[in-house]
Amino acid sequence: MSAFVSKLSAVWTQVVTSVRAFLIIPGREPVDYGFVASDVAQLHRLCADPARGALDDATWKDLLLDTYRAQLSKEVSIFGQQVLYRRLREGLGDDACAAVGERVRELMRDPERLAALHRDCTSLRHADKEIATLLFEDAAPPAPWWVGKTWPLPLLLLASIGAVIVTPAAWLATGVVAYILMSTQMRYHERVDEWDLSMNALQMVLRVSSILGASKDALLLPFAGAGAAAGKLNRQLSRAPMVEMTPGARTYLDWFMLDNVNHYFKGVRLVHGNLDFLRACFARVGELEADIALARHLLDAPALCWAGRHAHNTLALEGTVHPLLPQAQALSVRIDGGGAFISGQNGIGKSTLLRTVGVNLVTARAFGFCYARRASVPDLPVYTSMQSEDSLLSGESLYMAELRRAQELLAAADGPHPGICIIDEIFRGTNHLESVSAAASVLDVLAANGLVMVSSHNLVLASLLAHRLAPLCVRLDGAGRLVLEAGVLAHTNGIALLAQRGFGPAIEARAGRVFDWLNGYLAHPGDCDGVLAGDAAREAVPA
C-alpha cells in the first residue's frame, strides 16, 4: 500500500510539472528568507557533540567563517545552512567525513543529477521559520480539557440569538458565548500564528522527504521507506482540504468553532508523538542539502584536493589558496612539529597566509577537503588570536583583550581538546619591551604543548623562540610570486613606506636615524639561546 501511495505521489508530481510546462506556468521563486546568525547556529547549539572540540567564537570571527559559510550557502534553505554551520563549527569524525566526501564526489561526477536534486530541494527555501528549536528543545505545552470539545459553542450562539425572539434577556447568553469565543481566540492568537509558521517549514521537510522517498536514486536510500510515512504525517498536520478551498470557511471555523486552536493542539500532539521520525527527516533533508551545496561550490573551486587527515602536530599544504579571494596566489606551507614563526614585509600577506592555513584546516576537519593541490593536515581544533580589539562598552583596553585571549589559548592547550594555535601580532597593546617579553613567554608555553603558527613584526621573537618555532619568511621571488622560505626577514620596509605614502623626506630621514640607533642593540641581539631554551632543558630534568 505504501509503495502504491509513493508511486502515485511521484506520478502526480510529474503530471503537475508537465502541465505547468505545457501552460507555461512558472514555479514560484523561492523567497530565501534572511535568517539571523543565531537561527543558523541553533542546530549546533542544541546538538553539539561534546567529544568534538568546536571552534570558539573568536576563531569563527578571526577566520571570517560567517562570510565563508554564506558563500557555501547560496540557494540553500535554513535546514542545509544549519547543517553546514554545524559541520564547520565542530568538524566530522573520520567515518562521517569519508561518507560526506564520497557523496559529494559522486554528485560532482554527475552535474545533471546534481541539478535535479537541487531542484527537488528548491521548495525548502520558502521556509521562513527555524524549527530545530521545536524538534530538539521545546517541550509540549499541556492541552486544556476543552480541546476537541468546542463544537457546541456555535450551536449555543445560534440558539441564544434565536431565543431573543422570546426574551431580550437571551442577549446575555449570546454575550457570554461570544466572550468565550473571542477571549480564547485572542489568548491563543499569537501562539497559533507562530505555530503555523513552524508547521509551514516542517511540512516542507515532510513534503520533500515524501518526494525523495519515491526516488530510485541510490544516493537517496536514506529516504527510502520513509516517503509514505512522511506524506501521511504531512496530511495529518494540514487543515481539511475543503476548509482550505472554500472561501471564508477557515475564518468562520476559527472564530466560531476555535478550529485553529483545536488544530494547534492536535499538531502539538502529532509533532511530539513523532519526534524521532521528524528529527530523522530533518537530518536527512539538511544533510542532503549540505552535500548538494558543497558539490555545487566545489565545481567552481579555485583549487581542490581531498585531504589526508592525521592526529600528529605536522601539516603540509601544497599550492594552497584562500577560498574567499578570487585571484589568490598559491603558497606551500610545511610544518614538522612545534610550529613556525612567520615574518615578512608590511603588506606582503602574512595575515592572509595565516587565515588561508586556518580556513583550510577547518574545511579539512569539517568536509574532508582543502583548497590546495595536496594536503596532509591534523584533525585538531583550531584556535586563533587575530582580531583582538578594545571595547568602549565593556571598558576593556586592547592589551586587556589580548591578555584575555592569551589565557583562553593557554586554557585550551591544557584542556580536553588541545589543537592548533594561529596568532597574528600578539600583544600589540603595550610597549615594545613588555610586548616581546610577554609574547615570548606565552608562545614558548603554547609551542611546548602543540602546533603554533605566529606572525609578528617583532623579529627578535624568532631568535628567542628558535628552539620551538621554525623561522619562515614570506617574500616575492624573481617572477613576482609569493614564496614561503626558511629564515627571518632581512630587509624591513616600514620606513620605506613613509616615502611611498608621501610623508616627505624629512620625516623619512628622522625615522631612519632612529631606526639605525635602535637597530644597533635590539634588532640583532647577541646569544639569546639560553633565555627560554634553558627553561626547556630544566623542565626535562626530573626534580
# chains A, B, ... in the order shown; residues from 1 in each chain; ligands from 1
>>> select_by_dssp(residues="segment 231-265 of chain A", states="alpha helix (DSSP H)", output="PyMOL selection string")
chain A and resi 231-237+241-245+249-257+259-265
>>> atom_distance(atom1="atom CA of Ala127 of chain A", atom2="atom CA of Met204 of chain A")
7.4 Å
>>> residues_around(residues="segment 176-179 of chain A", least_positions_apart="6", cutoff="12 Å", atoms="only C-alpha atoms", output="ChimeraX atom specification")
/A:150,152-161,169-170,185-187,255-258
>>> closest_residue(among="A:Asp94, A:His44, A:Thr122, A:Ala506", to="Lys74 of chain A", atoms="only C-alpha atoms")
A:Thr122
